[in-house]
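> The structure file start-v1.pdb (PDB, C-alpha atoms) is provided below.
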ATOM      1  CA  MET A  20      23.349 -61.050  19.482
ATOM      2  CA  THR A  21      25.925 -58.292  19.833
ATOM      3  CA  SER A  22      25.156 -56.982  16.353
ATOM      4  CA  LEU A  23      21.430 -56.818  17.174
ATOM      5  CA  CYS A  24      22.171 -54.839  20.335
ATOM      6  CA  ASP A  25      24.419 -52.467  18.423
ATOM      7  CA  HIS A  26      21.770 -52.000  15.762
ATOM      8  CA  LYS A  27      19.135 -51.266  18.412
ATOM      9  CA  LEU A  28      21.457 -48.814  20.134
ATOM     10  CA  SER A  29      22.167 -46.961  16.880
ATOM     11  CA  GLU A  30      18.427 -46.662  16.192
ATOM     12  CA  ASP A  31      17.845 -45.203  19.670
ATOM     13  CA  VAL A  32      20.653 -42.690  19.181
ATOM     14  CA  ALA A  33      19.269 -41.660  15.764
ATOM     15  CA  SER A  34      15.750 -41.209  17.147
ATOM     16  CA  ALA A  35      17.075 -39.208  20.081
ATOM     17  CA  SER A  36      19.063 -36.938  17.761
ATOM     18  CA  THR A  37      15.986 -36.455  15.552
ATOM     19  CA  THR A  38      13.881 -35.549  18.597
ATOM     20  CA  SER A  39      16.491 -33.056  19.806
ATOM     21  CA  GLU A  40      16.700 -31.459  16.346
ATOM     22  CA  ALA A  41      12.899 -31.118  16.212
ATOM     23  CA  ALA A  42      12.872 -29.533  19.664
ATOM     24  CA  HIS A  43      15.627 -27.147  18.553
ATOM     25  CA  VAL A  44      13.602 -26.153  15.486
ATOM     26  CA  ASN A  45      10.473 -25.605  17.625
ATOM     27  CA  GLU A  46      12.468 -23.274  19.850
ATOM     28  CA  LYS A  47      13.330 -21.115  16.820
ATOM     29  CA  LEU A  48       9.696 -20.896  15.652
ATOM     30  CA  THR A  49       7.641 -17.961  16.872
ATOM     31  CA  ILE A  50       4.300 -18.428  18.586
ATOM     32  CA  ALA A  51       2.478 -17.217  15.457
ATOM     33  CA  GLN A  52       4.243 -19.841  13.328
ATOM     34  CA  LEU A  53       3.399 -22.608  15.809
ATOM     35  CA  ALA A  54      -0.247 -21.528  15.798
ATOM     36  CA  ARG A  55      -0.288 -21.565  11.985
ATOM     37  CA  ILE A  56       1.219 -25.093  11.975
ATOM     38  CA  GLU A  57      -1.477 -26.281  14.386
ATOM     39  CA  ARG A  58      -4.237 -24.772  12.214
ATOM     40  CA  ASN A  59      -2.843 -26.531   9.143
ATOM     41  CA  ARG A  60      -2.748 -29.837  11.043
ATOM     42  CA  GLN A  61      -6.386 -29.468  12.055
ATOM     43  CA  LYS A  62      -7.332 -28.673   8.439
ATOM     44  CA  ALA A  63      -5.520 -31.825   7.270
ATOM     45  CA  LEU A  64      -7.437 -33.965   9.780
ATOM     46  CA  LEU A  65     -10.768 -32.479   8.663
ATOM     47  CA  LEU A  66      -9.843 -33.100   5.030
ATOM     48  CA  ARG A  67      -9.039 -36.714   5.832
ATOM     49  CA  GLN A  68     -12.388 -37.147   7.608
ATOM     50  CA  SER A  69     -14.277 -35.729   4.619
ATOM     51  CA  ARG A  70     -12.470 -38.075   2.244
ATOM     52  CA  LEU A  71     -13.316 -41.091   4.377
ATOM     53  CA  ALA A  72     -16.958 -39.963   4.548
ATOM     54  CA  ASN A  73     -17.121 -39.611   0.773
ATOM     55  CA  GLN A  74     -15.477 -42.999   0.384
ATOM     56  CA  SER A  75     -18.156 -44.663   2.536
ATOM     57  CA  LEU A  76     -20.871 -43.268   0.252
ATOM     58  CA  SER A  77     -19.247 -44.617  -2.911
ATOM     59  CA  ASP A  78     -18.251 -48.231  -3.608
ATOM     60  CA  PRO A  79     -14.591 -48.591  -2.670
ATOM     61  CA  LYS A  80     -14.504 -52.313  -3.392
ATOM     62  CA  MET A  81     -12.743 -53.609  -6.472
ATOM     63  CA  LYS A  82     -11.321 -56.830  -7.825
ATOM     64  CA  VAL A  83      -7.617 -57.405  -8.241
ATOM     65  CA  GLY A  84      -7.031 -60.815  -9.844
ATOM     66  CA  CYS A  85      -9.307 -63.251  -7.991
ATOM     67  CA  LYS A  86      -9.487 -61.264  -4.746
ATOM     68  CA  ARG A  87     -11.739 -58.434  -3.655
ATOM     69  CA  VAL A  88      -9.909 -55.526  -2.076
ATOM     70  CA  VAL A  89     -10.958 -52.277  -0.425
ATOM     71  CA  ASP A  90      -9.279 -48.940  -1.008
ATOM     72  CA  SER A  91      -8.138 -47.703   2.395
ATOM     73  CA  GLY A  92      -7.797 -44.126   1.215
ATOM     74  CA  ALA A  93      -4.248 -44.032   2.550
ATOM     75  CA  GLY A  94      -2.409 -45.254  -0.541
ATOM     76  CA  PHE A  95      -2.768 -49.038  -0.171
ATOM     77  CA  LEU A  96      -5.398 -51.784  -0.677
ATOM     78  CA  ILE A  97      -6.851 -54.097   2.014
ATOM     79  CA  GLU A  98      -8.011 -57.631   1.232
ATOM     80  CA  GLU A  99     -11.694 -58.109   2.085
ATOM     81  CA  ASP A 100     -12.735 -60.962   4.336
ATOM     82  CA  GLY A 101     -16.198 -62.110   3.262
ATOM     83  CA  ASN A 102     -16.962 -63.674   6.679
ATOM     84  CA  LYS A 103     -16.417 -60.470   8.635
ATOM     85  CA  ALA A 104     -18.333 -57.238   8.462
ATOM     86  CA  PRO A 105     -16.232 -54.245   7.423
ATOM     87  CA  LYS A 106     -15.014 -52.135  10.303
ATOM     88  CA  LYS A 107     -15.125 -48.396  10.305
ATOM     89  CA  LEU A 108     -11.828 -46.661  10.625
ATOM     90  CA  LYS A 109     -11.465 -44.779  13.868
ATOM     91  CA  ILE A 110      -9.745 -41.457  13.659
ATOM     92  CA  VAL A 111      -7.743 -40.538  16.720
ATOM     93  CA  GLU A 112      -7.060 -36.862  17.054
ATOM     94  CA  GLU A 113      -4.150 -35.802  19.165
ATOM     95  CA  ALA A 114      -4.577 -32.885  21.481
ATOM     96  CA  PRO A 115      -2.778 -29.762  20.273
ATOM     97  CA  PRO A 116       0.481 -29.061  22.060
ATOM     98  CA  ALA A 117       0.474 -26.423  24.759
ATOM     99  CA  LEU A 118       1.774 -23.121  23.477
ATOM    100  CA  TYR A 119       3.979 -21.116  25.774
ATOM    101  CA  VAL A 120       3.909 -17.407  24.913
ATOM    102  CA  ASP A 121       6.611 -14.992  25.939
ATOM    103  CA  ASP A 122       5.645 -11.623  27.311
ATOM    104  CA  ASP A 123       7.413  -9.925  24.376
ATOM    105  CA  GLU A 124       5.223 -11.751  21.821
ATOM    106  CA  VAL A 125       1.838 -10.715  23.227
ATOM    107  CA  SER A 126       0.006  -7.433  22.752
ATOM    108  CA  VAL A 127      -2.808  -5.671  24.576
ATOM    109  CA  CYS A 128      -5.776  -4.478  22.533
ATOM    110  CA  ASP A 129      -6.354  -0.719  22.691
ATOM    111  CA  GLU A 130     -10.125  -1.193  22.586
ATOM    112  CA  CYS A 131     -10.967  -4.115  24.919
ATOM    113  CA  GLU A 132      -7.601  -4.207  26.758
ATOM    114  CA  LYS A 133      -7.385  -7.982  26.294
ATOM    115  CA  VAL A 134      -4.171  -9.855  25.562
ATOM    116  CA  PHE A 135      -3.810 -11.292  22.050
ATOM    117  CA  VAL A 136      -1.014 -12.767  19.952
ATOM    118  CA  GLU A 137      -1.916 -12.131  16.329
ATOM    119  CA  SER A 138      -4.344  -9.877  14.416
ATOM    120  CA  TYR A 139      -4.748  -8.294  10.987
ATOM    121  CA  LEU A 140      -3.962  -4.748  12.109
ATOM    122  CA  LEU A 141      -0.978  -5.842  14.173
ATOM    123  CA  THR A 142       0.507  -7.888  11.332
ATOM    124  CA  HIS A 143       0.016  -5.391   8.485
ATOM    125  CA  TYR A 144       0.057  -2.004  10.255
ATOM    126  CA  ASN A 145       1.742  -2.724  13.607
ATOM    127  CA  TYR A 146      -1.387  -1.330  15.319
ATOM    128  CA  PRO A 147      -2.362  -3.102  18.582
ATOM    129  CA  THR A 148      -6.022  -4.002  18.005
ATOM    130  CA  CYS A 149      -7.470  -7.515  18.007
ATOM    131  CA  ASP A 150      -9.652  -8.830  15.184
ATOM    132  CA  GLY A 151     -12.744  -8.786  17.409
ATOM    133  CA  CYS A 152     -12.526  -5.022  17.954
ATOM    134  CA  ARG A 153     -11.549  -4.107  14.392
ATOM    135  CA  ASP A 154     -13.990  -1.610  12.841
ATOM    136  CA  THR A 155     -13.412  -1.789   9.075
ATOM    137  CA  GLU A 156     -16.091   0.791   8.213
ATOM    138  CA  GLY A 157     -15.308   3.375  10.868
ATOM    139  CA  LYS A 158     -12.344   3.886  13.136
ATOM    140  CA  HIS A 159     -10.053   1.320  11.497
ATOM    141  CA  SER A 160     -10.957   2.048   7.890
ATOM    142  CA  LEU A 161      -8.317   2.190   5.167
ATOM    143  CA  ILE A 162      -7.418   5.107   2.914
ATOM    144  CA  THR A 163      -5.660   5.223  -0.444
ATOM    145  CA  LYS A 164      -2.417   7.074  -0.995
ATOM    146  CA  THR A 165      -4.069   9.557  -3.369
ATOM    147  CA  GLU A 166      -6.795  10.418  -0.852
ATOM    148  CA  ALA A 167      -4.235  10.814   1.932
ATOM    149  CA  LYS A 168      -2.241  13.301  -0.165
ATOM    150  CA  THR A 169      -5.374  15.225  -1.195
ATOM    151  CA  SER A 170      -7.332  15.312   2.077
ATOM    152  CA  TYR A 171      -4.411  15.647   4.509
ATOM    153  CA  LEU A 172      -1.858  17.446   2.260
ATOM    154  CA  LEU A 173       0.846  14.842   2.842
ATOM    155  CA  SER A 174       3.693  14.192   0.431
ATOM    156  CA  ASP A 175       5.502  10.972  -0.399
ATOM    157  CA  VAL A 176       8.253  12.005   1.998
ATOM    158  CA  ASP A 177       5.741  12.359   4.844
ATOM    159  CA  LEU A 178       4.254   8.928   4.130
ATOM    160  CA  LEU A 179       7.215   6.737   3.226
ATOM    161  CA  ILE A 180      10.435   8.452   4.391
ATOM    162  CA  ARG A 181       9.642  10.398   7.583
ATOM    163  CA  GLU A 182      10.388   8.260  10.643
ATOM    164  CA  PRO A 183       8.710   5.931  11.267
ATOM    165  CA  PRO A 184       7.586   5.107   7.689
ATOM    166  CA  LEU A 185       3.903   4.222   7.543
ATOM    167  CA  LYS A 186       2.997   0.655   6.615
ATOM    168  CA  PHE A 187       0.572  -0.081   3.794
ATOM    169  CA  VAL A 188      -1.111  -2.982   2.009
ATOM    170  CA  ILE A 189      -1.056  -3.320  -1.788
ATOM    171  CA  ARG A 190      -4.344  -4.257  -3.468
ATOM    172  CA  LYS A 191      -5.518  -4.473  -7.083
ATOM    173  CA  ASN A 192      -7.519  -1.501  -8.296
ATOM    174  CA  PRO A 193     -11.191  -2.597  -8.320
ATOM    175  CA  ARG A 194     -12.129  -0.105 -11.052
ATOM    176  CA  ASN A 195      -9.689  -1.325 -13.682
ATOM    177  CA  ASP A 196      -7.203  -4.209 -13.592
ATOM    178  CA  PHE A 197      -4.864  -2.393 -15.959
ATOM    179  CA  TRP A 198      -4.423   0.561 -13.608
ATOM    180  CA  GLY A 199      -1.680   0.591 -11.016
ATOM    181  CA  ASP A 200      -2.015  -1.192  -7.668
ATOM    182  CA  MET A 201      -3.452   0.738  -4.742
ATOM    183  CA  LYS A 202      -1.516   1.431  -1.557
ATOM    184  CA  LEU A 203      -3.903   1.311   1.403
ATOM    185  CA  PHE A 204      -2.896   3.055   4.635
ATOM    186  CA  LEU A 205      -4.616   2.989   8.015
ATOM    187  CA  ARG A 206      -6.654   6.191   8.417
ATOM    188  CA  LEU A 207      -5.767   6.565  12.117
ATOM    189  CA  GLN A 208      -2.058   6.577  11.305
ATOM    190  CA  ILE A 209      -2.595   9.054   8.452
ATOM    191  CA  GLU A 210      -4.437  11.459  10.763
ATOM    192  CA  LYS A 211      -1.662  11.199  13.353
ATOM    193  CA  ARG A 212       1.010  11.886  10.722
ATOM    194  CA  ALA A 213      -0.956  14.913   9.456
ATOM    195  CA  LEU A 214      -0.929  16.387  12.962
ATOM    196  CA  GLU A 215       2.836  15.835  13.134
ATOM    197  CA  VAL A 216       3.293  17.769   9.886
ATOM    198  CA  TRP A 217       0.716  20.581  10.324
ATOM    199  CA  GLU A 218       0.668  20.639  14.177
ATOM    200  CA  THR A 219      -3.060  21.509  14.496
ATOM    201  CA  PRO A 220      -6.227  20.803  12.456
ATOM    202  CA  GLU A 221      -6.765  24.566  12.106
ATOM    203  CA  LYS A 222      -3.453  25.050  10.292
ATOM    204  CA  LEU A 223      -4.293  22.152   8.010
ATOM    205  CA  GLU A 224      -7.636  23.730   7.103
ATOM    206  CA  GLU A 225      -5.978  27.109   6.505
ATOM    207  CA  GLU A 226      -3.450  25.543   4.157
ATOM    208  CA  LYS A 227      -6.220  23.733   2.285
ATOM    209  CA  ASP A 228      -8.137  27.012   1.894
ATOM    210  CA  ASP A 229      -5.024  28.833   0.626
ATOM    211  CA  ARG A 230      -4.313  26.149  -1.938
ATOM    212  CA  GLU A 231      -7.931  26.112  -3.052
ATOM    213  CA  GLU A 232      -7.855  29.889  -3.526
ATOM    214  CA  LYS A 233      -4.658  29.670  -5.586
ATOM    215  CA  ARG A 234      -6.220  26.994  -7.762
ATOM    216  CA  GLU A 235      -9.271  29.184  -8.357
ATOM    217  CA  ILE A 236      -7.075  32.154  -9.348
ATOM    218  CA  ALA A 237      -5.102  29.971 -11.758
ATOM    219  CA  LYS A 238      -8.343  28.652 -13.258
ATOM    220  CA  ARG A 239      -9.678  32.187 -13.811
ATOM    221  CA  LYS A 240      -6.440  33.302 -15.500
ATOM    222  CA  LYS A 241      -6.483  30.284 -17.765
ATOM    223  CA  TYR A 242     -10.144  30.917 -18.586
ATOM    224  CA  ARG A 243      -9.491  34.553 -19.529
ATOM    225  CA  LYS A 244      -6.532  33.561 -21.671
ATOM    226  CA  ASN A 245      -8.558  30.959 -23.531
ATOM    227  CA  MET A 246     -11.460  33.383 -24.055
ATOM    228  CA  THR A 247      -9.145  36.065 -25.446
ATOM    229  CA  LYS A 248      -7.604  33.573 -27.838
ATOM    230  CA  LEU A 249     -11.054  32.432 -28.913
ATOM    231  CA  ARG A 250     -12.180  36.018 -29.621
ATOM    232  CA  GLN A 251      -9.098  36.609 -31.714
ATOM    233  CA  GLU A 252      -9.817  33.545 -33.808
ATOM    234  CA  VAL A 253     -13.563  34.174 -34.238
ATOM    235  CA  ARG A 254     -13.462  37.958 -34.761
ATOM    236  CA  SER A 255     -10.079  38.314 -36.401
ATOM    237  CA  SER A 256     -11.450  40.762 -38.975
ATOM    238  CA  LEU A 257     -12.686  43.146 -36.257
ATOM    239  CA  TYR A 258      -9.976  42.629 -33.682
ATOM    240  CA  THR A 259      -7.027  44.987 -33.839
ATOM    241  CA  MET A 260      -3.840  43.672 -32.393
ATOM    242  CA  LYS A 261      -2.158  46.262 -30.257
ATOM    243  CA  ASP A 262       1.488  46.820 -31.055
ATOM    244  CA  ARG A 263       3.274  46.611 -27.743
ATOM    245  CA  THR A 264       6.783  47.371 -29.180
ATOM    246  CA  HIS A 265       8.011  51.028 -29.182
ATOM    247  CA  VAL A 266       9.844  52.423 -32.208
ATOM    248  CA  HIS A 267      12.024  55.479 -31.518
ATOM    249  CA  GLU A 268      11.495  58.558 -33.642
ATOM    250  CA  TYR A 269      14.614  60.741 -33.343
ATOM    251  CA  GLY A 270      14.876  64.462 -34.111
ATOM    252  CA  GLU A 271      17.697  66.410 -35.664
ATOM    253  CA  ASP A 272      21.306  65.634 -34.872
ATOM    254  CA  VAL A 273      22.917  67.976 -32.337
ATOM    255  CA  GLN A 274      26.692  68.479 -32.302
ATOM    256  CA  LEU A 275      28.320  68.241 -28.891
ATOM    257  CA  ASP A 276      31.950  68.738 -29.902
ATOM    258  CA  GLU A 277      34.095  68.367 -32.978
ATOM    259  CA  ASP A 278      33.411  64.638 -33.574
ATOM    260  CA  THR A 279      30.517  63.803 -31.144
ATOM    261  CA  TRP A 280      26.856  64.163 -32.013
ATOM    262  CA  LYS A 281      23.583  63.162 -30.351
ATOM    263  CA  LYS A 282      19.925  62.730 -31.181
ATOM    264  CA  THR A 283      16.822  62.507 -28.994
ATOM    265  CA  CYS A 284      13.588  60.503 -29.405
ATOM    266  CA  LYS A 285      10.570  62.784 -29.752
ATOM    267  CA  SER A 286       8.183  60.522 -27.789
ATOM    268  CA  CYS A 287      10.214  58.933 -24.989
ATOM    269  CA  GLY A 288      13.222  61.266 -24.739
ATOM    270  CA  HIS A 289      15.777  58.544 -25.329
ATOM    271  CA  GLU A 290      19.175  59.957 -26.281
ATOM    272  CA  ILE A 291      21.900  58.328 -28.310
ATOM    273  CA  GLU A 292      25.433  59.672 -28.880
ATOM    274  CA  PHE A 293      27.505  58.854 -31.940
ATOM    275  CA  GLU A 294      30.529  60.033 -33.884
ATOM    276  CA  LYS A 295      30.612  61.420 -37.392
ATOM    277  CA  MET A 296      33.632  60.927 -39.570
TER     278      MET A 296
END
Can you present the structure in this file as structure tokens?


Amino acid sequence: MTSLCDHKLSEDVASASTTSEAAHVNEKLTIAQLARIERNRQKALLLRQSRLANQSLSDPKMKVGCKRVVDSGAGFLIEEDGNKAPKKLKIVEEAPPALYVDDDEVSVCDECEKVFVESYLLTHYNYPTCDGCRDTEGKHSLITKTEAKTSYLLSDVDLLIREPPLKFVIRKNPRNDFWGDMKLFLRLQIEKRALEVWETPEKLEEEKDDREEKREIAKRKKYRKNMTKLRQEVRSSLYTMKDRTHVHEYGEDVQLDEDTWKKTCKSCGHEIEFEKM
């Protein structure tokens, strides 16, 4: 009798310790993780219901030896009683546990000013907007890194190093799988960072115009250079290459003293002094 009591007491202590450990783990989980766990539990219950419904449509009965058994769908077989009608399994769903949210874990939507816990923009871009107010085609659209550098004249330092670094999402390139992955930024954050760098939209437009003008000048110079080279190749027999190097043509030697002499170029006036032995 004493051993049974001791065994019962040890089981109670073990269950109590397990319960306390589970409670301790739940305290460490964030509200988003608890919500994800609850969603997974609901999905598992729905999956179980669908399996039982499919099982009722098919014939779950089979023979094992001389007995007829029914597959319970839970990993074991139930012997069939021919005198009793089969009973439907009743699924009991437990109510989800109450979630207590701290004030630090909630956010207020900038659009509707409602409190929410988790959203796509908050998770990936740290931008406080709920999923219901997210405008993927307009205000909350995404922009590639290349477009951000071209349209807003931002460098890699402005995007990824300047505090605070902008968050981005990596996606496969839809045009070609062999090209590099795309980095998608939030357009609102890109526009804000551009104002931090260029101060006003007018200065940004002026800088874009200056760079465009420089590109046009460089294109015209390259075009002229290529056309000149082409003319030289096509009309080489008629084209006379101008000699840009100057060759001095000196006059007579003039004696300055006993051993020093000089001579002067007839065209440019360059003088050179030398000694005669």

> Between A:Lys281, A:Arg212, A:Leu66, A:His265, which residue has the minimum interatomic distance to A:Ile180, considering all atoms listed in the file?

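The answer is A:Arg212, which sits nearest to A:Ile180.
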
> Hey, could you make a per-residue contact list for stretch 171-200 of chain A against stretch 213-226 of chain A with 8 Å as the cut-off, showing the nearest pair of atoms and its distance in Å to one decimal, counting only C-alpha atoms, sorted by chain and number, as JSON lines?


{"residue": "A:Tyr171", "atom": "CA", "partner": "A:Ala213", "partner_atom": "CA", "distance": 6.1}
{"residue": "A:Leu172", "atom": "CA", "partner": "A:Ala213", "partner_atom": "CA", "distance": 7.7}
{"residue": "A:Leu173", "atom": "CA", "partner": "A:Ala213", "partner_atom": "CA", "distance": 6.9}
{"residue": "A:Asp177", "atom": "CA", "partner": "A:Val216", "partner_atom": "CA", "distance": 7.8}

> Near A:Glu290, counting only C-alpha atoms, which residues have an atom at most 12 Å away, once you skip same-chain residues fewer than 2 positions from it, shown as a ChimeraX atom specification?

/A:267-273,280-288,292-293

> Taking all listed atoms of stretch 274-277 of chain A, build the axis-aligned box, pad each of the six sides by 4 Å, then write its centre and edge lengths in Å to one decimal as JSON.


{"center_x": 30.4, "center_y": 68.5, "center_z": -30.9, "size_x": 15.4, "size_y": 8.5, "size_z": 12.1}

> Could you tell me which of A:Arg250, A:Glu57, A:Lys227, A:Leu140 comes closest to A:Lys168 if we count all atoms listed in the file?

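Selected residue with least distance to A:Lys168: A:Lys227.
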
> Restricting the calculation to only C-alpha atoms: of A:Lys202, A:Arg239, A:His159, A:His289, which residue gets closest to A:Leu179?

A:Lys202

> Quick check, in Å to one decimal: how far apart do atom CA of A:Glu235 and atom CA of A:Asp175 lie?

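About the pair atom CA of A:Glu235 and atom CA of A:Asp175: they are 24.8 Å apart.
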
> Return the single residue from A:Arg206, A:Arg181, A:His143, A:Lys191 that is closest to A:Ile162, with distances computed using only C-alpha atoms.

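Closest to A:Ile162 of all the choices is A:Arg206.
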
> What is the distance between atom CA of A:Thr247 and atom CA of A:Val266, in Å to one decimal?

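Atom CA of A:Val266 lies 26.0 Å from atom CA of A:Thr247.
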
> Find, counting all atoms listed in the file, the residue in A:Val188, A:Cys131, A:Val125, A:Leu141 that gets nearest to A:Met201.

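Of A:Val188, A:Cys131, A:Val125, A:Leu141, the one nearest A:Met201 is A:Val188, counting all atoms listed in the file.
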
> For the file shown, what are the residues hit by the PyMOL selection byres ((chain A and resi 161) around 9), laid out as a list of chain:residue names?

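Output of the PyMOL selection byres ((chain A and resi 161) around 9): A:Thr155, A:Glu156, A:His159, A:Ser160, A:Ile162, A:Thr163, A:Leu203, A:Phe204, A:Leu205, A:Arg206, A:Leu207.
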
> Rounded to one decimal place, report the atom CA of A:Trp198-atom CA of A:Glu166 distance in Å.

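For atom CA of A:Trp198 relative to atom CA of A:Glu166, the distance reads 16.3 Å.
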